[in-house]
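Trainee: If it helps, the file is called final14.tsv and holds TSV, C-alpha atoms:
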```tsv
chain	number	residue	atom	x	y	z
A	1	MET	CA	-94.73	32.09	127.82
A	2	ALA	CA	-93.83	28.70	129.27
A	3	PHE	CA	-94.17	25.88	126.74
A	4	PRO	CA	-96.82	23.51	128.20
A	5	PHE	CA	-95.05	20.27	127.21
A	6	LYS	CA	-91.66	18.71	127.87
A	7	VAL	CA	-91.50	16.95	124.48
A	8	ALA	CA	-92.59	18.07	121.01
A	9	ALA	CA	-92.53	15.41	118.27
A	10	PHE	CA	-93.37	15.91	114.62
A	11	ASP	CA	-93.52	13.85	111.46
A	12	MET	CA	-91.72	15.23	108.40
A	13	ASP	CA	-93.31	14.55	104.99
A	14	GLY	CA	-96.79	16.03	104.79
A	15	THR	CA	-96.50	17.46	108.29
A	16	PHE	CA	-93.42	19.56	109.06
A	17	LEU	CA	-92.21	19.80	105.47
A	18	ARG	CA	-93.94	21.58	102.63
A	19	ASP	CA	-94.51	19.51	99.52
A	20	ASP	CA	-91.33	20.96	97.99
A	21	LYS	CA	-89.36	19.70	101.04
A	22	THR	CA	-88.76	23.19	102.48
A	23	PHE	CA	-89.81	24.84	105.73
A	24	ASP	CA	-89.41	28.24	107.36
A	25	ARG	CA	-85.88	27.77	108.66
A	26	ASP	CA	-85.65	31.15	110.37
A	27	LEU	CA	-88.87	30.64	112.30
A	28	PHE	CA	-87.88	27.09	113.26
A	29	SER	CA	-84.51	28.29	114.50
A	30	ARG	CA	-86.13	30.91	116.73
A	31	LEU	CA	-88.70	28.48	118.11
A	32	LEU	CA	-86.07	25.78	118.68
A	33	ASP	CA	-83.94	28.18	120.70
A	34	GLN	CA	-86.93	29.08	122.86
A	35	MET	CA	-87.95	25.46	123.44
A	36	LEU	CA	-84.42	24.30	124.20
A	37	ALA	CA	-84.01	27.17	126.66
A	38	GLN	CA	-87.01	25.76	128.52
A	39	GLY	CA	-85.61	22.21	128.52
A	40	VAL	CA	-88.01	20.88	125.88
A	41	HIS	CA	-86.97	17.78	123.92
A	42	VAL	CA	-87.59	18.31	120.20
A	43	VAL	CA	-88.12	15.05	118.32
A	44	VAL	CA	-88.12	14.41	114.57
A	45	ALA	CA	-90.27	11.27	114.10
A	46	SER	CA	-90.24	9.91	110.55
A	47	GLY	CA	-90.30	6.80	108.43
A	48	ASP	CA	-87.25	8.09	106.55
A	49	GLN	CA	-83.64	7.09	107.05
A	50	TYR	CA	-81.61	9.09	109.56
A	51	GLU	CA	-79.18	10.17	106.82
A	52	CYS	CA	-82.06	11.65	104.86
A	53	LEU	CA	-83.39	13.55	107.87
A	54	LEU	CA	-79.98	15.07	108.61
A	55	LYS	CA	-80.16	17.02	105.35
A	56	TYR	CA	-82.89	19.24	106.79
A	57	PHE	CA	-81.07	20.16	110.02
A	58	PRO	CA	-77.37	20.65	109.18
A	59	ALA	CA	-76.81	23.31	111.83
A	60	CYS	CA	-78.78	21.89	114.75
A	61	HIS	CA	-78.97	18.10	114.43
A	62	GLU	CA	-76.94	17.60	117.59
A	63	GLN	CA	-79.69	19.41	119.53
A	64	LEU	CA	-82.47	17.12	118.30
A	65	THR	CA	-83.72	13.58	118.84
A	66	PHE	CA	-84.33	11.58	115.67
A	67	ILE	CA	-86.80	8.70	115.59
A	68	SER	CA	-86.25	7.35	112.09
A	69	GLU	CA	-87.34	4.22	110.22
A	70	ASN	CA	-90.80	4.51	111.83
A	71	GLY	CA	-89.31	3.94	115.27
A	72	ALA	CA	-86.67	1.31	114.56
A	73	HIS	CA	-83.69	3.68	114.75
A	74	ILE	CA	-83.22	6.33	117.45
A	75	ILE	CA	-80.42	8.92	117.52
A	76	ASP	CA	-80.45	11.30	120.48
A	77	HIS	CA	-78.16	14.33	120.30
A	78	ASP	CA	-75.88	12.54	117.81
A	79	THR	CA	-75.75	9.38	119.97
A	80	GLU	CA	-77.20	6.17	118.56
A	81	LEU	CA	-79.49	4.64	121.21
A	82	VAL	CA	-81.73	2.10	119.49
A	83	VAL	CA	-81.25	-0.16	116.46
A	84	GLN	CA	-84.09	-2.63	115.82
A	85	THR	CA	-83.65	-4.57	112.60
A	86	MET	CA	-85.58	-7.33	110.86
A	87	ASP	CA	-84.96	-10.99	111.59
A	88	PRO	CA	-82.30	-12.10	109.06
A	89	ALA	CA	-84.08	-15.41	108.55
A	90	VAL	CA	-87.26	-13.58	107.56
A	91	VAL	CA	-85.33	-11.34	105.16
A	92	ASP	CA	-83.59	-14.34	103.58
A	93	GLU	CA	-86.99	-15.92	102.91
A	94	LEU	CA	-88.81	-12.71	102.00
A	95	ILE	CA	-86.56	-11.26	99.29
A	96	PRO	CA	-86.45	-14.33	96.99
A	97	PHE	CA	-90.20	-14.75	97.44
A	98	MET	CA	-90.84	-11.12	96.44
A	99	VAL	CA	-88.46	-11.20	93.47
A	100	ASP	CA	-89.05	-14.70	92.07
A	101	LYS	CA	-92.67	-15.44	93.03
A	102	MET	CA	-94.25	-11.98	93.04
A	103	ASP	CA	-92.14	-10.17	90.42
A	104	LEU	CA	-91.56	-7.25	92.79
A	105	VAL	CA	-88.53	-4.94	92.98
A	106	PRO	CA	-87.71	-4.27	96.65
A	107	SER	CA	-85.89	-1.31	98.18
A	108	LEU	CA	-84.00	-2.09	101.37
A	109	SER	CA	-83.33	0.35	104.19
A	110	GLY	CA	-80.18	-0.94	105.86
A	111	HIS	CA	-78.23	0.19	108.89
A	112	GLU	CA	-75.19	0.97	106.73
A	113	HIS	CA	-76.80	1.94	103.40
A	114	GLY	CA	-79.97	2.07	101.40
A	115	TYR	CA	-80.13	-0.57	98.66
A	116	ILE	CA	-82.03	0.17	95.46
A	117	SER	CA	-82.37	-1.32	92.00
A	118	PRO	CA	-81.31	0.74	88.97
A	119	LYS	CA	-84.03	-1.03	86.98
A	120	VAL	CA	-86.96	0.98	88.39
A	121	SER	CA	-88.56	3.87	86.52
A	122	ALA	CA	-86.66	7.15	86.27
A	123	SER	CA	-89.13	8.93	88.56
A	124	ARG	CA	-88.98	6.13	91.13
A	125	LEU	CA	-85.18	6.08	90.99
A	126	LYS	CA	-84.98	9.83	91.58
A	127	ARG	CA	-87.28	9.51	94.58
A	128	LEU	CA	-85.31	6.59	96.05
A	129	GLN	CA	-82.00	8.39	95.64
A	130	PHE	CA	-83.41	11.37	97.52
A	131	TYR	CA	-84.63	9.27	100.45
A	132	PHE	CA	-81.51	7.07	100.46
A	133	PRO	CA	-78.67	9.62	100.12
A	134	ASN	CA	-76.20	6.92	101.16
A	135	HIS	CA	-77.27	4.24	98.70
A	136	ILE	CA	-75.85	1.28	96.80
A	137	PHE	CA	-77.30	-0.17	93.62
A	138	ILE	CA	-78.26	-3.84	93.58
A	139	GLU	CA	-78.52	-5.50	90.17
A	140	ASP	CA	-79.31	-8.98	91.49
A	141	PHE	CA	-81.10	-9.63	94.78
A	142	LYS	CA	-79.90	-13.24	94.92
A	143	GLN	CA	-76.84	-12.04	96.84
A	144	LEU	CA	-77.91	-9.71	99.63
A	145	PRO	CA	-75.44	-7.28	101.20
A	146	ALA	CA	-74.04	-8.01	104.65
A	147	ASP	CA	-76.19	-5.50	106.48
A	148	ARG	CA	-79.10	-5.30	108.90
A	149	PHE	CA	-82.41	-4.02	107.58
A	150	TYR	CA	-84.94	-1.73	109.21
A	151	GLN	CA	-87.60	-2.02	106.54
A	152	ILE	CA	-88.25	-3.15	102.99
A	153	SER	CA	-90.50	-1.35	100.53
A	154	PHE	CA	-91.90	-1.88	97.06
A	155	VAL	CA	-94.29	-0.24	94.59
A	156	VAL	CA	-97.05	-2.13	92.82
A	157	GLU	CA	-99.71	-1.16	90.27
A	158	PRO	CA	-102.92	-0.05	92.03
A	159	ASP	CA	-105.02	-2.80	90.42
A	160	LYS	CA	-102.61	-5.44	91.76
A	161	LEU	CA	-102.20	-4.00	95.26
A	162	LYS	CA	-104.97	-5.93	96.99
A	163	GLY	CA	-103.82	-9.28	95.64
A	164	GLN	CA	-100.17	-8.66	96.45
A	165	LEU	CA	-101.05	-7.64	100.00
A	166	GLN	CA	-103.09	-10.81	100.47
A	167	THR	CA	-100.21	-12.96	99.19
A	168	LEU	CA	-97.69	-11.34	101.52
A	169	ARG	CA	-99.98	-11.38	104.54
A	170	SER	CA	-100.86	-15.04	104.12
A	171	ARG	CA	-97.19	-16.01	104.25
A	172	PHE	CA	-95.53	-13.29	106.36
A	173	GLY	CA	-98.40	-11.64	108.20
A	174	LYS	CA	-97.34	-12.96	111.62
A	175	ARG	CA	-93.69	-12.04	111.12
A	176	LEU	CA	-93.93	-8.66	109.39
A	177	LYS	CA	-96.04	-5.54	109.60
A	178	ILE	CA	-97.30	-4.93	106.05
A	179	THR	CA	-98.53	-1.37	105.52
A	180	PRO	CA	-99.64	0.44	102.34
A	181	SER	CA	-98.13	3.94	102.51
A	182	GLY	CA	-99.86	5.56	99.54
A	183	ASN	CA	-99.42	5.77	95.76
A	184	GLY	CA	-99.06	1.99	95.46
A	185	SER	CA	-96.12	1.90	97.87
A	186	VAL	CA	-95.99	-0.76	100.59
A	187	ASP	CA	-93.70	-0.88	103.65
A	188	LEU	CA	-92.65	-4.12	105.35
A	189	THR	CA	-91.50	-3.44	108.89
A	190	ILE	CA	-90.97	-5.08	112.29
A	191	PRO	CA	-94.19	-5.93	114.18
A	192	GLY	CA	-94.64	-3.88	117.33
A	193	VAL	CA	-92.17	-1.20	116.28
A	194	ASP	CA	-93.64	2.23	115.56
A	195	LYS	CA	-93.26	5.89	116.46
A	196	ALA	CA	-95.29	5.55	119.65
A	197	GLN	CA	-93.17	2.66	120.92
A	198	ALA	CA	-90.00	4.64	120.19
A	199	LEU	CA	-91.37	7.70	121.95
A	200	GLN	CA	-92.24	5.58	124.99
A	201	THR	CA	-88.60	4.48	125.07
A	202	MET	CA	-87.39	8.07	125.05
A	203	LEU	CA	-89.99	9.29	127.55
A	204	ALA	CA	-88.83	6.60	129.98
A	205	LYS	CA	-85.20	7.64	129.44
A	206	TRP	CA	-86.13	11.24	130.22
A	207	HIS	CA	-88.30	10.21	133.22
A	208	LEU	CA	-91.37	11.65	131.54
A	209	THR	CA	-94.77	10.29	130.45
A	210	ALA	CA	-97.12	10.71	127.50
A	211	ASP	CA	-98.75	13.55	129.43
A	212	ASP	CA	-95.60	15.55	128.69
A	213	LEU	CA	-95.89	15.06	124.92
A	214	VAL	CA	-97.39	17.05	122.05
A	215	ALA	CA	-97.25	15.35	118.63
A	216	PHE	CA	-97.94	16.36	115.04
A	217	GLY	CA	-98.73	14.14	112.06
A	218	ASP	CA	-100.64	13.60	108.84
A	219	GLY	CA	-100.30	9.93	107.89
A	220	GLY	CA	-101.28	6.46	109.00
A	221	ASN	CA	-97.88	5.82	110.58
A	222	ASP	CA	-98.52	8.81	112.87
A	223	VAL	CA	-101.78	7.54	114.38
A	224	THR	CA	-100.29	5.68	117.35
A	225	MET	CA	-98.11	8.68	118.17
A	226	LEU	CA	-101.04	11.10	118.01
A	227	LYS	CA	-103.19	8.85	120.19
A	228	MET	CA	-100.57	8.38	122.91
A	229	ALA	CA	-99.68	12.08	123.23
A	230	ARG	CA	-101.47	14.28	125.72
A	231	VAL	CA	-102.24	16.47	122.72
A	232	GLY	CA	-102.09	15.23	119.14
A	233	TRP	CA	-102.36	17.61	116.20
A	234	ALA	CA	-103.38	16.51	112.70
A	235	MET	CA	-102.53	18.68	109.74
A	236	GLN	CA	-105.36	20.18	107.68
A	237	ASN	CA	-104.17	17.96	104.81
A	238	ALA	CA	-104.36	14.76	106.91
A	239	SER	CA	-106.79	11.96	106.13
A	240	ALA	CA	-110.07	11.64	108.00
A	241	THR	CA	-108.65	8.67	109.94
A	242	VAL	CA	-105.70	10.69	111.18
A	243	LYS	CA	-107.89	13.66	112.10
A	244	GLN	CA	-110.12	11.34	114.09
A	245	ALA	CA	-107.10	10.00	116.00
A	246	ALA	CA	-105.89	13.51	116.89
A	247	ASP	CA	-107.19	15.85	119.54
A	248	PHE	CA	-107.06	18.86	117.24
A	249	THR	CA	-106.75	19.63	113.54
A	250	ALA	CA	-104.55	22.58	112.62
A	251	ASP	CA	-106.12	25.46	110.73
A	252	GLU	CA	-103.35	25.20	108.13
A	253	ASP	CA	-101.76	22.43	106.10
A	254	ASN	CA	-98.13	21.40	105.77
A	255	ASN	CA	-97.56	23.87	102.92
A	256	HIS	CA	-98.32	26.75	105.29
A	257	ASP	CA	-96.01	25.70	108.16
A	258	ALA	CA	-98.84	24.49	110.39
A	259	VAL	CA	-96.51	22.79	112.89
A	260	LEU	CA	-94.40	25.89	113.38
A	261	HIS	CA	-97.44	28.12	113.83
A	262	VAL	CA	-98.95	25.82	116.46
A	263	LEU	CA	-95.64	25.72	118.33
A	264	GLN	CA	-95.42	29.48	118.05
A	265	SER	CA	-98.90	29.86	119.54
A	266	TYR	CA	-97.87	27.73	122.54
A	267	LEU	CA	-94.83	29.92	123.06
```
Go ahead and express the file in the form of structure tokens.
Mentor:
Amino acid sequence: MAFPFKVAAFDMDGTFLRDDKTFDRDLFSRLLDQMLAQGVHVVVASGDQYECLLKYFPACHEQLTFISENGAHIIDHDTELVVQTMDPAVVDELIPFMVDKMDLVPSLSGHEHGYISPKVSASRLKRLQFYFPNHIFIEDFKQLPADRFYQISFVVEPDKLKGQLQTLRSRFGKRLKITPSGNGSVDLTIPGVDKAQALQTMLAKWHLTADDLVAFGDGGNDVTMLKMARVGWAMQNASATVKQAADFTADEDNNHDAVLHVLQSYL
């Protein structure tokens, strides 16, 4: 059966991936072959670093388009197309403010490396090392590495989250997008840059429109992508807000390969 879209885009954590970071590789391989044979562009759209995403697709990454860093970094068939990094002046003001005034420990997603502090909890450190496979430890944030940064993140105690968000937004709200991403984690990113904006860039390159797109997601950073697509699918495990933004909610959650089964039904 002919696949009814020219582009299929899916989020990773909580959407394409099971909670244990696995997926049905054999089924994906079969579906990918069928979609590619029909000229479909398959897009991995995630907030994670490109280097982290590569771990999941060692045998087929050159056949895919990667929208990483929530839209700030685009790699198409192993060719880097888009690099949108934070204003260095904002970073130079932000980091000392976070460290000295707010007592926060930032994690930096750079173009060359991920930068993390060894002083965080053991569980946090393990998580950061997974998401930043190409990482460098920073003991002292007074001397920042010579790199460009896609986004900066931190974790704060739940009872302090509201106050910390207010402090950051009052000073940087017009220069940064400040987004809680769950479990006390907060992402600081570039205003106007998201998965939908990145997909618009690629659709224009391919001479296509949002009517050619099907998208899958579960989280708040997927909402714009789900809304812009001709058909947006929320996972069964998605929040009510995400389900409301989507056209359909899958019968299954991420732990039961919902994305793959929807794609299979189209094929």
Trainee: Quick one: contact table of segment 63-126 of chain A to segment 157-167 of chain A, 12 Å max, nearest atom pair and distance in Å to one decimal per residue, counting all atoms listed in the file, chain and number order, as JSON lines?
Mentor:
```
{"residue": "A:Leu94", "atom": "CA", "partner": "A:Thr167", "partner_atom": "CA", "distance": 11.7}
{"residue": "A:Phe97", "atom": "CA", "partner": "A:Thr167", "partner_atom": "CA", "distance": 10.3}
{"residue": "A:Met98", "atom": "CA", "partner": "A:Gln164", "partner_atom": "CA", "distance": 9.6}
{"residue": "A:Lys101", "atom": "CA", "partner": "A:Thr167", "partner_atom": "CA", "distance": 10.0}
{"residue": "A:Met102", "atom": "CA", "partner": "A:Gln164", "partner_atom": "CA", "distance": 7.6}
{"residue": "A:Asp103", "atom": "CA", "partner": "A:Gln164", "partner_atom": "CA", "distance": 10.2}
{"residue": "A:Leu104", "atom": "CA", "partner": "A:Gln164", "partner_atom": "CA", "distance": 9.5}
```
Trainee: Given the point (-80.8, -1.2, 123.3) in the file's coordinates, find the residues that have an atom at most 12 Å from it, counting all atoms listed in the file, and give them as a PyMOL selection string.
Mentor: chain A and resi 72-75+80-85+198+201-202+205
Trainee: Give me the residues near Ile152 of chain A as a VMD selection string, where near means some atom within 10 Å (using all atoms listed in the file) and where sequence neighbours in that chain fewer than 2 positions away do not count.
Mentor: chain A and resid 86 91 94 to 95 106 to 110 114 to 115 149 to 150 154 178 186 to 190
Trainee: With distances taken over all atoms listed in the file, which residue among A:Met35, A:Ser46, A:Asp222, A:Ala204 lies nearest Lys6 of chain A?
Mentor: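 That would be A:Met35, the residue with the smallest distance to Lys6 of chain A.
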Trainee: For Asp211 of chain A, which residue out of A:Lys126, A:Arg230, A:Lys195, A:Lys177 is the nearest one, using all atoms listed in the file?
Mentor: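 Under the stated criterion, the closest residue is A:Arg230.
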Trainee: Between A:Phe57, A:Ala246, A:Phe216, A:His207, which one has atoms that come closest to Leu263 of chain A, using all atoms listed in the file?
Mentor: A:Phe216
Trainee: When you count all atoms listed in the file, which of these residues is closest to Ala89 of chain A: A:Val231, A:Asp247, A:Asp253, A:Arg175?
Mentor: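 The shortest atom-to-atom distance to Ala89 of chain A comes from A:Arg175.
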Trainee: Show me, as a ChimeraX atom specification, the residues that have an atom within 10 Å of Phe3 of chain A when counting all atoms listed in the file, minus same-chain residues fewer than 6 positions from it.
Mentor: /A:34-35,38-40,263-267
Trainee: Can you measure atom CA of Lys174 of chain A to atom CA of Pro191 of chain A for me? One decimal in Å is fine.
Mentor: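 Between atom CA of Lys174 of chain A and atom CA of Pro191 of chain A the gap works out to 8.1 Å.
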Trainee: Could you state the separation of atom CA of Arg148 of chain A and atom CA of Phe172 of chain A in Å, given to one decimal place?
Mentor: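 About the pair atom CA of Arg148 of chain A and atom CA of Phe172 of chain A: they are 18.4 Å apart.
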Trainee: Could you please determine the separation between atom CA of Ser117 of chain A and atom CA of Pro133 of chain A in Å, to one decimal place?
Mentor: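 Distance between the two atoms: 14.1 Å.
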Trainee: Using all atoms listed in the file - which residues lie no farther than 6 Å from the point (-93.6, 4.8, 109.5) in the file's frame? Write them as a VMD selection string.
Mentor: chain A and resid 47 70 221
Trainee: Enclose all atoms of segment 87-96 of chain A listed in the file in an axis-aligned box, grow every side by 4 Å, and hand back centre and edge lengths in Å to one decimal, as JSON.
Mentor:
```
{"center_x": -85.6, "center_y": -13.5, "center_z": 104.3, "size_x": 14.5, "size_y": 12.9, "size_z": 22.6}
```
Trainee: Using all atoms listed in the file, pick whichever of A:Ala196, A:Val223, A:Met12, A:Ile138 has the shortest atom-to-atom distance to Ala210 of chain A.
Mentor: A:Ala196
Trainee: Name the closest residue to Asn237 of chain A among the candidates A:His61, A:His256, A:His113, A:Lys55; distances are taken between atoms, counting all atoms listed in the file.
Mentor: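 Of A:His61, A:His256, A:His113, A:Lys55, the one nearest Asn237 of chain A, counting all atoms listed in the file, is A:His256.
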